[in-house]
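Source file: upload.txt. Holds: compact mmCIF, C-alpha atoms.
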# COMPACT_ATOMS: atom_id res chain seq x y z
CA MET A 1 8.50 -12.22 -21.89
CA ALA A 2 11.54 -9.97 -21.79
CA LYS A 3 13.89 -12.89 -21.18
CA GLN A 4 12.93 -14.55 -24.43
CA PRO A 5 14.22 -13.40 -27.82
CA LEU A 6 11.75 -11.58 -29.99
CA ALA A 7 10.29 -13.60 -32.83
CA LYS A 8 11.41 -12.31 -36.19
CA ALA A 9 8.72 -10.48 -38.07
CA SER A 10 9.26 -12.13 -41.40
CA SER A 11 6.64 -11.95 -44.06
CA ASP A 12 6.51 -15.72 -44.52
CA ASN A 13 5.93 -16.34 -40.83
CA PRO A 14 2.27 -15.83 -40.03
CA LYS A 15 2.75 -16.70 -36.35
CA LYS A 16 1.78 -13.84 -34.13
CA LEU A 17 3.27 -12.89 -30.80
CA GLN A 18 0.89 -13.21 -27.92
CA ILE A 19 0.79 -10.24 -25.60
CA VAL A 20 -0.93 -10.95 -22.33
CA GLU A 21 -1.84 -9.05 -19.18
CA ARG A 22 -1.05 -5.62 -20.46
CA PRO A 23 -2.67 -3.02 -18.26
CA THR A 24 -4.52 -0.40 -20.24
CA THR A 25 -2.62 2.82 -19.89
CA SER A 26 -5.64 4.78 -18.74
CA ASP A 27 -6.03 2.51 -15.70
CA TRP A 28 -2.77 3.14 -13.93
CA MET A 29 -1.10 6.22 -15.42
CA LYS A 30 -3.31 8.69 -13.60
CA PRO A 31 -3.37 8.72 -9.81
CA SER A 32 -6.92 8.37 -8.65
CA ALA A 33 -9.04 8.79 -5.52
CA VAL A 34 -12.50 7.50 -4.71
CA ALA A 35 -14.83 8.80 -2.00
CA LEU A 36 -16.82 5.96 -0.47
CA PRO A 37 -20.14 6.05 1.32
CA LYS A 38 -20.41 5.23 5.00
CA GLU A 39 -21.28 1.58 4.35
CA GLY A 40 -18.15 1.04 2.29
CA TYR A 41 -19.94 0.15 -0.94
CA PHE A 42 -21.95 2.04 -3.54
CA THR A 43 -24.51 -0.56 -4.49
CA VAL A 44 -25.39 -3.71 -2.63
CA GLU A 45 -23.91 -6.56 -4.60
CA LYS A 46 -24.53 -9.76 -2.73
CA GLY A 47 -21.55 -12.02 -2.22
CA ARG A 48 -21.49 -15.34 -0.44
CA TYR A 49 -21.12 -13.74 2.98
CA GLY A 50 -22.77 -10.35 2.52
CA PRO A 51 -22.33 -7.23 0.38
CA VAL A 52 -19.16 -7.20 -1.70
CA PHE A 53 -16.73 -4.40 -0.86
CA PRO A 54 -15.65 -2.69 -4.09
CA ARG A 55 -12.19 -2.53 -5.55
CA THR A 56 -10.84 1.02 -5.38
CA PRO A 57 -7.75 2.74 -6.84
CA ALA A 58 -5.98 1.30 -3.76
CA ASN A 59 -7.20 -2.20 -4.72
CA TYR A 60 -9.05 -4.39 -2.24
CA GLY A 61 -8.25 -4.15 1.41
CA PHE A 62 -9.38 -3.80 4.95
CA SER A 63 -8.89 -1.98 8.21
CA VAL A 64 -10.02 -4.35 10.92
CA VAL A 65 -10.13 -3.05 14.49
CA ALA A 66 -10.62 -5.29 17.53
CA LYS A 67 -9.91 -5.09 21.23
CA VAL A 68 -6.92 -7.02 22.56
CA LYS A 69 -7.57 -9.47 25.40
CA PRO A 70 -5.99 -8.25 28.66
CA GLY A 71 -2.34 -9.24 29.05
CA ARG A 72 -1.85 -10.29 25.43
CA GLU A 73 0.16 -7.31 24.12
CA GLN A 74 3.51 -9.06 24.31
CA ALA A 75 2.12 -12.21 22.70
CA MET A 76 1.02 -10.08 19.77
CA ARG A 77 4.38 -8.36 19.45
CA ASP A 78 6.14 -11.73 19.62
CA TYR A 79 3.84 -13.02 16.91
CA GLY A 80 5.13 -10.22 14.67
CA LYS A 81 8.62 -11.70 15.04
CA ASN A 82 7.26 -15.15 14.12
CA ILE A 83 5.83 -13.79 10.88
CA GLU A 84 9.08 -11.98 10.12
CA ALA A 85 10.96 -15.27 10.58
CA ALA A 86 8.41 -17.28 8.57
CA VAL A 87 8.65 -14.90 5.60
CA LYS A 88 12.44 -14.91 5.85
CA ALA A 89 12.51 -18.72 5.79
CA ASP A 90 10.06 -18.89 2.88
CA SER A 91 9.36 -15.60 1.16
CA ALA A 92 6.37 -17.15 -0.63
CA VAL A 93 4.62 -18.17 2.59
CA LEU A 94 1.94 -15.45 2.27
CA ALA A 95 1.73 -15.63 -1.55
CA PRO A 96 -1.82 -17.10 -1.62
CA LEU A 97 -3.10 -13.88 -0.04
CA LYS A 98 -2.09 -11.78 -3.08
CA LEU A 99 -0.91 -8.95 -0.90
CA HIS A 100 0.72 -5.65 -1.67
CA TYR A 101 1.19 -4.46 1.88
CA LEU A 102 0.23 -5.43 5.42
CA ARG A 103 0.50 -3.36 8.58
CA TRP A 104 -0.29 -4.46 12.12
CA ILE A 105 -0.79 -1.78 14.71
CA LEU A 106 -1.50 -1.65 18.43
CA PHE A 107 -3.08 1.51 19.74
CA ASP A 108 -4.85 2.82 22.81
CA VAL A 109 -7.01 5.93 22.59
CA GLY A 110 -8.20 5.65 26.17
CA SER A 111 -10.48 2.64 25.81
CA GLY A 112 -7.98 -0.17 26.22
CA LEU A 113 -5.51 -1.66 23.81
CA HIS A 114 -6.82 -2.23 20.28
CA PHE A 115 -5.34 -3.92 17.25
CA MET A 116 -5.70 -2.74 13.68
CA TYR A 117 -4.97 -5.04 10.77
CA GLN A 118 -4.43 -3.00 7.59
CA GLY A 119 -4.18 -4.86 4.31
CA ILE A 120 -3.95 -3.96 0.64
CA PHE A 121 -4.43 -6.95 -1.64
CA ASP A 122 -5.80 -8.17 -4.97
CA THR A 123 -8.45 -10.74 -4.09
CA ASP A 124 -11.80 -9.71 -2.73
CA PHE A 125 -12.42 -9.37 1.00
CA ASP A 126 -14.12 -12.75 1.53
CA LYS A 127 -11.71 -14.72 -0.64
CA TYR A 128 -8.77 -13.22 1.26
CA LEU A 129 -10.20 -14.62 4.49
CA GLU A 130 -10.90 -18.06 3.04
CA ASP A 131 -7.34 -18.16 1.73
CA ALA A 132 -5.98 -16.97 5.09
CA VAL A 133 -7.73 -19.72 7.06
CA ALA A 134 -6.58 -22.34 4.53
CA LEU A 135 -3.04 -20.99 4.82
CA PHE A 136 -2.99 -21.14 8.61
CA ASN A 137 -4.38 -24.69 8.55
CA LYS A 138 -1.81 -25.75 5.96
CA THR A 139 1.19 -24.26 7.77
CA GLY A 140 -0.02 -25.21 11.23
CA ILE A 141 0.79 -21.76 12.56
CA THR A 142 -1.81 -20.05 14.66
CA THR A 143 -3.14 -16.57 14.05
CA VAL A 144 -2.49 -13.36 15.90
CA PHE A 145 -6.28 -12.96 16.09
CA THR A 146 -6.52 -15.54 18.89
CA ASN A 147 -5.40 -12.66 21.16
CA LEU A 148 -8.47 -10.60 20.31
CA GLU A 149 -11.82 -10.40 22.02
CA GLY A 150 -14.63 -12.05 20.07
CA TRP A 151 -12.39 -14.19 17.87
CA PRO A 152 -14.15 -17.53 17.24
CA GLN A 153 -12.49 -20.47 18.98
CA ASP A 154 -13.36 -22.81 16.10
CA TRP A 155 -11.75 -20.53 13.52
CA ARG A 156 -9.73 -23.35 11.90
CA THR A 157 -12.87 -25.18 10.81
CA ASN A 158 -15.50 -22.47 10.71
CA VAL A 159 -14.69 -20.06 7.88
CA PRO A 160 -18.09 -18.32 7.90
CA LYS A 161 -17.53 -17.36 11.56
CA VAL A 162 -14.10 -15.93 10.73
CA ILE A 163 -15.59 -13.94 7.89
CA LYS A 164 -18.35 -12.70 10.18
CA PHE A 165 -15.73 -11.55 12.70
CA PHE A 166 -13.86 -9.63 10.01
CA ARG A 167 -17.03 -8.13 8.59
CA ASP A 168 -18.20 -7.09 12.06
CA HIS A 169 -14.83 -5.44 12.79
CA GLN A 170 -14.10 -3.98 9.37
CA CYS A 171 -14.01 -0.18 9.28
CA PRO A 172 -14.52 0.85 5.65
CA SER A 173 -12.52 3.78 4.32
CA PHE A 174 -14.40 6.89 3.28
CA LEU A 175 -11.60 7.89 0.88
CA GLU A 176 -8.93 5.84 -0.86
CA TYR A 177 -6.10 6.95 -3.13
CA GLY A 178 -3.71 5.06 -5.38
CA GLU A 179 -0.73 6.56 -7.19
CA TYR A 180 -0.79 3.69 -9.73
CA PRO A 181 -4.43 2.70 -9.37
CA TYR A 182 -5.87 -0.75 -9.93
CA VAL A 183 -2.50 -2.37 -10.59
CA SER A 184 -2.11 -5.82 -9.06
CA ALA A 185 1.00 -6.85 -7.13
CA ASP A 186 1.62 -9.42 -9.84
CA GLU A 187 1.62 -6.72 -12.52
CA VAL A 188 3.99 -4.61 -10.44
CA LYS A 189 6.39 -7.52 -10.01
CA LYS A 190 6.25 -8.46 -13.69
CA ALA A 191 6.95 -4.86 -14.69
CA LEU A 192 9.88 -4.64 -12.26
CA THR A 193 11.23 -7.95 -13.56
CA LEU A 194 11.01 -6.68 -17.12
CA LYS A 195 12.75 -3.44 -16.18
CA ASP A 196 15.52 -5.34 -14.47
CA ALA A 197 15.93 -7.72 -17.41
CA PHE A 198 16.03 -4.76 -19.77
CA SER A 199 18.67 -3.05 -17.65
CA ASN A 200 20.73 -6.24 -17.64
CA MET A 201 20.41 -6.46 -21.41
CA LEU A 202 21.64 -2.88 -21.76
CA ASP A 203 24.54 -3.69 -19.46
CA GLN A 204 25.49 -6.57 -21.72
CA MET A 205 25.51 -4.28 -24.73
CA GLN A 206 28.10 -1.97 -23.22
CA MET B 1 15.01 4.85 -20.84
CA ALA B 2 12.94 2.32 -22.74
CA THR B 3 11.34 4.97 -24.87
CA ARG B 4 14.66 6.21 -26.25
CA PRO B 5 16.67 4.39 -28.92
CA LEU B 6 19.75 2.57 -27.73
CA PRO B 7 23.00 4.30 -28.60
CA ARG B 8 24.90 2.51 -31.30
CA GLU B 9 28.04 0.80 -30.19
CA PRO B 10 30.80 1.43 -32.72
CA ARG B 11 34.09 -0.29 -31.86
CA GLY B 12 35.99 2.92 -31.49
CA ASP B 13 33.46 4.60 -29.21
CA GLN B 14 34.04 4.00 -25.55
CA LYS B 15 30.97 5.95 -24.48
CA LYS B 16 28.78 3.80 -22.29
CA THR B 17 25.05 3.77 -21.86
CA LYS B 18 24.24 4.99 -18.39
CA ILE B 19 21.87 2.78 -16.44
CA VAL B 20 20.40 4.61 -13.52
CA GLU B 21 18.09 3.85 -10.63
CA ARG B 22 18.32 0.10 -10.98
CA ARG B 23 17.94 -1.65 -7.68
CA LYS B 24 19.53 -4.99 -7.05
CA ALA B 25 17.15 -7.83 -7.68
CA GLU B 26 17.34 -9.07 -4.13
CA ASP B 27 15.79 -5.83 -2.90
CA TRP B 28 12.34 -6.40 -4.28
CA THR B 29 12.03 -9.89 -5.70
CA LYS B 30 11.49 -11.51 -2.33
CA PRO B 31 8.58 -10.45 -0.15
CA GLN B 32 9.72 -9.29 3.25
CA ALA B 33 8.22 -8.75 6.69
CA MET B 34 9.73 -6.68 9.47
CA ALA B 35 8.82 -6.80 13.16
CA ILE B 36 9.18 -3.34 14.70
CA PRO B 37 9.83 -2.68 18.40
CA LYS B 38 7.36 -0.82 20.58
CA GLY B 39 7.83 2.89 19.94
CA GLY B 40 8.54 2.39 16.26
CA TYR B 41 12.35 2.59 16.36
CA PHE B 42 15.22 0.12 16.50
CA ALA B 43 17.25 1.09 19.57
CA ASP B 44 20.59 0.49 17.86
CA LYS B 45 19.67 2.41 14.71
CA ILE B 46 18.01 5.59 15.94
CA GLU B 47 18.67 8.46 13.59
CA GLN B 48 17.80 11.96 14.72
CA GLY B 49 15.81 14.16 12.38
CA ARG B 50 14.76 17.80 12.72
CA TYR B 51 11.70 16.94 14.79
CA GLY B 52 12.94 13.90 16.70
CA PRO B 53 13.96 10.34 15.86
CA ILE B 54 13.24 9.34 12.26
CA PHE B 55 10.79 6.48 11.85
CA PRO B 56 12.61 3.80 9.84
CA GLN B 57 11.88 2.74 6.29
CA THR B 58 10.49 -0.81 6.25
CA PRO B 59 9.76 -3.24 3.41
CA ALA B 60 6.41 -1.37 3.20
CA CYS B 61 8.30 1.93 2.64
CA TYR B 62 7.64 4.86 4.96
CA GLY B 63 4.20 5.42 6.34
CA PHE B 64 1.94 6.26 9.20
CA SER B 65 -1.26 5.37 10.96
CA VAL B 66 -2.53 8.55 12.55
CA VAL B 67 -5.52 8.27 14.87
CA ALA B 68 -7.39 11.29 16.23
CA LYS B 69 -10.78 11.89 17.77
CA VAL B 70 -13.42 13.46 15.53
CA ILE B 71 -14.96 16.61 16.99
CA PRO B 72 -18.54 15.59 17.85
CA GLY B 73 -20.89 16.43 14.97
CA ARG B 74 -18.10 16.89 12.41
CA GLU B 75 -18.25 13.50 10.70
CA GLU B 76 -20.15 14.95 7.77
CA HIS B 77 -17.25 17.35 7.14
CA LEU B 78 -15.05 14.30 6.60
CA TYR B 79 -17.38 12.68 4.08
CA ASN B 80 -17.71 15.98 2.21
CA HIS B 81 -13.95 16.42 2.25
CA ALA B 82 -13.57 13.03 0.56
CA LYS B 83 -15.64 14.24 -2.38
CA VAL B 84 -13.54 17.42 -2.63
CA ILE B 85 -10.32 15.39 -2.77
CA GLU B 86 -11.80 12.93 -5.26
CA LYS B 87 -12.74 15.81 -7.57
CA ALA B 88 -9.43 17.64 -7.11
CA ILE B 89 -7.53 14.52 -8.19
CA ALA B 90 -9.91 13.81 -11.07
CA ASP B 91 -9.31 17.39 -12.29
CA ASP B 92 -5.56 17.19 -11.75
CA PRO B 93 -4.14 13.71 -11.04
CA THR B 94 -0.84 15.26 -9.89
CA THR B 95 -2.50 17.16 -7.02
CA LEU B 96 -0.90 14.94 -4.38
CA ALA B 97 2.26 14.09 -6.35
CA ILE B 98 4.48 16.00 -3.94
CA LEU B 99 3.57 13.54 -1.18
CA LYS B 100 5.11 10.56 -3.03
CA ALA B 101 2.30 8.36 -1.77
CA HIS B 102 1.66 4.81 -2.99
CA TYR B 103 -1.66 4.46 -1.21
CA LEU B 104 -3.67 6.56 1.20
CA ARG B 105 -6.71 5.54 3.20
CA TRP B 106 -8.99 7.64 5.34
CA VAL B 107 -11.05 5.59 7.79
CA ILE B 108 -13.65 6.47 10.42
CA PHE B 109 -14.24 4.04 13.24
CA SER B 110 -15.99 4.09 16.55
CA ILE B 111 -14.83 2.97 20.00
CA LYS B 112 -17.32 3.17 22.86
CA GLY B 113 -19.57 5.48 20.88
CA GLU B 114 -16.84 7.99 20.05
CA SER B 115 -15.72 8.53 16.46
CA TYR B 116 -12.09 8.47 15.44
CA MET B 117 -10.39 9.01 12.13
CA MET B 118 -7.42 7.01 11.02
CA TYR B 119 -5.21 8.28 8.22
CA GLN B 120 -3.15 5.47 6.73
CA GLY B 121 -0.36 6.27 4.34
CA ILE B 122 2.32 4.38 2.48
CA PHE B 123 4.83 6.74 0.87
CA ASP B 124 8.46 7.28 -0.11
CA THR B 125 9.55 10.37 1.77
CA ASP B 126 10.21 10.21 5.46
CA PHE B 127 7.47 10.88 8.00
CA ASP B 128 8.47 14.49 8.79
CA LYS B 129 8.99 15.51 5.17
CA TYR B 130 5.58 14.09 4.27
CA CYS B 131 4.01 16.32 6.95
CA GLU B 132 5.91 19.40 5.76
CA ASP B 133 4.93 18.71 2.16
CA ALA B 134 1.32 18.26 3.22
CA SER B 135 1.38 21.68 4.90
CA PHE B 136 2.83 23.22 1.72
CA LEU B 137 0.14 21.49 -0.34
CA PHE B 138 -2.69 22.81 1.81
CA GLY B 139 -1.25 26.33 1.58
CA LYS B 140 -0.81 26.09 -2.19
CA THR B 141 -4.09 24.45 -3.20
CA GLY B 142 -6.32 26.08 -0.63
CA ILE B 143 -7.89 22.69 0.04
CA ILE B 144 -9.17 22.56 3.57
CA SER B 145 -7.74 19.63 5.48
CA ALA B 146 -9.99 16.81 6.64
CA PHE B 147 -8.09 17.12 9.87
CA GLU B 148 -9.97 20.33 10.71
CA ALA B 149 -12.69 17.98 11.95
CA LEU B 150 -10.29 16.48 14.50
CA GLU B 151 -9.54 17.49 18.04
CA TRP B 152 -6.18 19.21 18.64
CA TRP B 153 -5.57 19.93 14.96
CA PRO B 154 -3.47 23.13 14.76
CA ALA B 155 -5.25 26.18 13.34
CA ASP B 156 -2.11 27.39 11.55
CA TYR B 157 -1.53 24.12 9.69
CA ALA B 158 -1.36 25.65 6.21
CA THR B 159 1.43 28.03 7.12
CA ASN B 160 3.26 26.24 9.92
CA PRO B 161 4.66 22.87 8.80
CA SER B 162 6.14 22.13 12.21
CA SER B 163 2.67 22.24 13.79
CA ILE B 164 1.51 19.44 11.45
CA VAL B 165 4.63 17.41 12.16
CA LYS B 166 3.98 17.77 15.91
CA PHE B 167 0.32 16.73 15.57
CA PHE B 168 1.17 13.73 13.40
CA ARG B 169 3.96 12.59 15.70
CA GLU B 170 1.66 12.83 18.73
CA HIS B 171 -1.15 10.89 17.03
CA HIS B 172 0.86 8.31 15.09
CA PHE B 173 0.76 4.69 16.22
CA PRO B 174 3.73 2.79 14.81
CA SER B 175 3.15 -0.66 13.36
CA PHE B 176 4.68 -3.66 15.10
CA LEU B 177 4.75 -5.64 11.85
CA GLU B 178 4.96 -4.51 8.24
CA TYR B 179 5.02 -6.65 5.11
CA SER B 180 5.45 -5.99 1.44
CA GLU B 181 5.18 -8.20 -1.60
CA HIS B 182 7.62 -5.93 -3.47
CA PRO B 183 9.70 -4.46 -0.66
CA TYR B 184 11.46 -1.08 -0.71
CA VAL B 185 10.25 -0.21 -4.20
CA SER B 186 9.36 3.44 -4.65
CA CYS B 187 6.33 4.81 -6.50
CA GLU B 188 8.59 6.20 -9.16
CA GLN B 189 10.21 2.82 -9.73
CA VAL B 190 6.81 1.17 -10.03
CA ARG B 191 5.57 3.78 -12.49
CA LYS B 192 8.75 3.61 -14.58
CA ALA B 193 8.54 -0.19 -14.68
CA LEU B 194 4.87 -0.11 -15.68
CA THR B 195 5.64 2.48 -18.35
CA LEU B 196 8.46 0.34 -19.70
CA LYS B 197 6.21 -2.73 -19.75
CA ALA B 198 3.46 -0.85 -21.57
CA SER B 199 5.96 0.58 -24.09
CA PHE B 200 7.47 -2.84 -24.64
CA SER B 201 4.04 -4.33 -25.22
CA SER B 202 3.23 -1.57 -27.70
CA MET B 203 6.49 -2.23 -29.48
CA LEU B 204 5.66 -5.93 -29.76
CA ASP B 205 2.20 -5.02 -31.04
CA GLN B 206 3.83 -2.94 -33.78
CA MET B 207 5.95 -5.90 -34.84
CA GLN B 208 2.96 -8.05 -35.50
CA GLU B 209 1.77 -8.42 -39.04
CA GLU B 210 -1.67 -7.52 -40.24
Represent the supplied structure as structure tokens.
Amino acid sequence: MAKQPLAKASSDNPKKLQIVERPTTSDWMKPSAVALPKEGYFTVEKGRYGPVFPRTPANYGFSVVAKVKPGREQAMRDYGKNIEAAVKADSAVLAPLKLHYLRWILFDVGSGLHFMYQGIFDTDFDKYLEDAVALFNKTGITTVFTNLEGWPQDWRTNVPKVIKFFRDHQCPSFLEYGEYPYVSADEVKKALTLKDAFSNMLDQMQ
Amino acid sequence: MATRPLPREPRGDQKKTKIVERRKAEDWTKPQAMAIPKGGYFADKIEQGRYGPIFPQTPACYGFSVVAKVIPGREEHLYNHAKVIEKAIADDPTTLAILKAHYLRWVIFSIKGESYMMYQGIFDTDFDKYCEDASFLFGKTGIISAFEALEWWPADYATNPSSIVKFFREHHFPSFLEYSEHPYVSCEQVRKALTLKASFSSMLDQMQEE
């Protein structure tokens, strides 16, 4: 929008400008926190694979914890480098997942090595997983989850099993906070693009 | 910036409009992932802070994943605490502003029948400063920390910032991979950009005819 010249507001031109995807100011201007019940949802809203986890000020997301198979720590760390390289080669490789942030963690609190997959994204929990399996099948790359106990061997063809794994290992937050709540990554990027274009325009006027 | 009128540019006036805080496009336009070595630091880039090596900024900004054991029977304290924080922020949305956090998540999970809490944060100050600011915040607001329900949490946390830093450093598990769709962008940049976009949209609305 910002890259295009503004239409002149002449009285004999009835054409109106179309403004799309404008977040309502009340949604994102005030930082917000939501306390969540133990189950992770307030009311049971049935989705295709079970109750739908609600969107919070920190958008959709998950914190999946699973035990690492013995001897697989290095394979997991190496896989991190593969993802780094894949995103470097094609920065849009994970675009279907509609992510804001991802964090992969290995930790041991005395019960063996565990993996936590933290994600903040804009699609709902189940759709994220469907998109992830489709993405892995399309790119041919395997998933870091093959190093985890309980991961279904037929994950490439059995989406419901993958979703069951994630639902079984999901640890819902009991509190979530967002400084610019409910804003999608797409909205953030559009706003940053507009700001940059506006700055460039001001530069040109100097 | 966007809410102020542009200065006029007469030929004889050499005064220039100052553009500040603009990051180069390549910083944030391309999603980035970063693999992080075990320990959380890059051996060739270790920078010493006041409490030890500084955890590096990644495309997903600064952050932590702090895991600590819940004192048996104290889970309810955590759920109650969540409601206190929710209300405090509803009453005053700037309550946590000092922490410069994008997102925070408090999670309880169980391993072999024992409950743990994980505190996940994505923020713009470095790890140690976040902890110091948190200590200041607890002292100022009088809000009791959720961490009181955790083993080894220091009793003097509201008055002794270094005790919080020590606890967080001892219980933090660094990521081995971090990814961001809009890398290295701070909260303030996001909010300014969203404000500009909203103002620009309002301006376009005003230019429409009845």
Could the residues of chain B within 6 Å of chain A, counting all atoms listed in the file, be given as a list in words, please?
-> Lys16, Lys30, Pro31, Ala33, Met34, Ala35, Ala82, Lys83, Glu86, Pro93, His102, Tyr103, Leu104, Arg105, Trp106, Val107, Phe109, Ser175, Phe176, Leu177, Glu178, Tyr179, Ser180, Glu181, Ala193, Leu194 and Lys197 of chain B
Selected residues written out with C-alpha atoms, as a compact mmCIF listing (two decimals), keeping the file's coordinate frame:
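This went into again_9.txt:
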# COMPACT_ATOMS: atom_id res chain seq x y z
CA LYS B 16 28.78 3.80 -22.29
CA LYS B 30 11.49 -11.51 -2.33
CA PRO B 31 8.58 -10.45 -0.15
CA ALA B 33 8.22 -8.75 6.69
CA MET B 34 9.73 -6.68 9.47
CA ALA B 35 8.82 -6.80 13.16
CA ALA B 82 -13.57 13.03 0.56
CA LYS B 83 -15.64 14.24 -2.38
CA GLU B 86 -11.80 12.93 -5.26
CA PRO B 93 -4.14 13.71 -11.04
CA HIS B 102 1.66 4.81 -2.99
CA TYR B 103 -1.66 4.46 -1.21
CA LEU B 104 -3.67 6.56 1.20
CA ARG B 105 -6.71 5.54 3.20
CA TRP B 106 -8.99 7.64 5.34
CA VAL B 107 -11.05 5.59 7.79
CA PHE B 109 -14.24 4.04 13.24
CA SER B 175 3.15 -0.66 13.36
CA PHE B 176 4.68 -3.66 15.10
CA LEU B 177 4.75 -5.64 11.85
CA GLU B 178 4.96 -4.51 8.24
CA TYR B 179 5.02 -6.65 5.11
CA SER B 180 5.45 -5.99 1.44
CA GLU B 181 5.18 -8.20 -1.60
CA ALA B 193 8.54 -0.19 -14.68
CA LEU B 194 4.87 -0.11 -15.68
CA LYS B 197 6.21 -2.73 -19.75
Can you list, as a short mmCIF file (atom, residue, chain, number, x, y, z; two decimals) with C-alpha atoms, keeping the file's coordinate frame, every protein, DNA or RNA residue that comes within 7 Å of range 112-123 of chain B when you count only C-alpha atoms, leaving out same-chain residues fewer than 6 positions away?
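Below is the file part08.cif, written as the result:
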data_model
loop_
_atom_site.label_atom_id
_atom_site.label_comp_id
_atom_site.auth_asym_id
_atom_site.auth_seq_id
_atom_site.Cartn_x
_atom_site.Cartn_y
_atom_site.Cartn_z
CA CYS B 61 8.30 1.93 2.64
CA TYR B 62 7.64 4.86 4.96
CA GLY B 63 4.20 5.42 6.34
CA PHE B 64 1.94 6.26 9.20
CA SER B 65 -1.26 5.37 10.96
CA VAL B 66 -2.53 8.55 12.55
CA VAL B 67 -5.52 8.27 14.87
CA ALA B 68 -7.39 11.29 16.23
CA LYS B 69 -10.78 11.89 17.77
CA VAL B 70 -13.42 13.46 15.53
CA LYS B 100 5.11 10.56 -3.03
CA ALA B 101 2.30 8.36 -1.77
CA HIS B 102 1.66 4.81 -2.99
CA TYR B 103 -1.66 4.46 -1.21
CA LEU B 104 -3.67 6.56 1.20
CA ARG B 105 -6.71 5.54 3.20
CA TRP B 106 -8.99 7.64 5.34
#
Taking into account all atoms listed in the file, which residue in the set A:Tyr182, A:Ala132, A:Leu97, A:Trp151 is nearest to Asp168 in chain A?
->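 The closest residue to Asp168 in chain A is A:Trp151.
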Which polymer residues have any atom within 12 Å of an atom of Pro160 in chain A, counting only C-alpha atoms, with same-chain residues fewer than 6 positions away left out, as an MDAnalysis selection string?
-> chainID A and resid 48:50 126:127 129:130 133 152 154 166:168
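One finds CA of Pro56 in chain B at 13.1 Å from CA of Lys129 in chain B.
Straight-line separation from CA of Ser110 in chain B to CA of Val144 in chain A: 22.1 Å.
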Pairwise distance for CA of Ala75 in chain A and CA of Ile36 in chain B, rounded to one decimal in Å |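 Spanning CA of Ala75 in chain A to CA of Ile36 in chain B is a straight-line distance of 13.9 Å.
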Residue nearest Ser145 in chain B among B:Val190, B:Ile164, B:Ile89, B:Ile46 (counting all atoms listed in the file) | B:Ile164
List every protein, DNA or RNA residue with an atom no more than 12 Å from (-9.2, 20.5, -5.9) in the file's coordinates, counting all atoms listed in the file, and format the result as a compact mmCIF listing (two decimals) with C-alpha atoms, in the frame of the given file.
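Written output follows (result.txt):
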# COMPACT_ATOMS: atom_id res chain seq x y z
CA ALA A 33 -9.04 8.79 -5.52
CA HIS B 81 -13.95 16.42 2.25
CA ALA B 82 -13.57 13.03 0.56
CA LYS B 83 -15.64 14.24 -2.38
CA VAL B 84 -13.54 17.42 -2.63
CA ILE B 85 -10.32 15.39 -2.77
CA GLU B 86 -11.80 12.93 -5.26
CA LYS B 87 -12.74 15.81 -7.57
CA ALA B 88 -9.43 17.64 -7.11
CA ILE B 89 -7.53 14.52 -8.19
CA ALA B 90 -9.91 13.81 -11.07
CA ASP B 91 -9.31 17.39 -12.29
CA ASP B 92 -5.56 17.19 -11.75
CA PRO B 93 -4.14 13.71 -11.04
CA THR B 94 -0.84 15.26 -9.89
CA THR B 95 -2.50 17.16 -7.02
CA LEU B 96 -0.90 14.94 -4.38
CA LEU B 137 0.14 21.49 -0.34
CA PHE B 138 -2.69 22.81 1.81
CA LYS B 140 -0.81 26.09 -2.19
CA THR B 141 -4.09 24.45 -3.20
CA GLY B 142 -6.32 26.08 -0.63
CA ILE B 143 -7.89 22.69 0.04
CA ILE B 144 -9.17 22.56 3.57
CA SER B 145 -7.74 19.63 5.48
Which is closer to Thr29 in chain B than all the others in B:Asp205, B:Val185, B:Pro53, B:Phe200, using only C-alpha atoms?
->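 Under the stated criterion, the closest residue is B:Val185.
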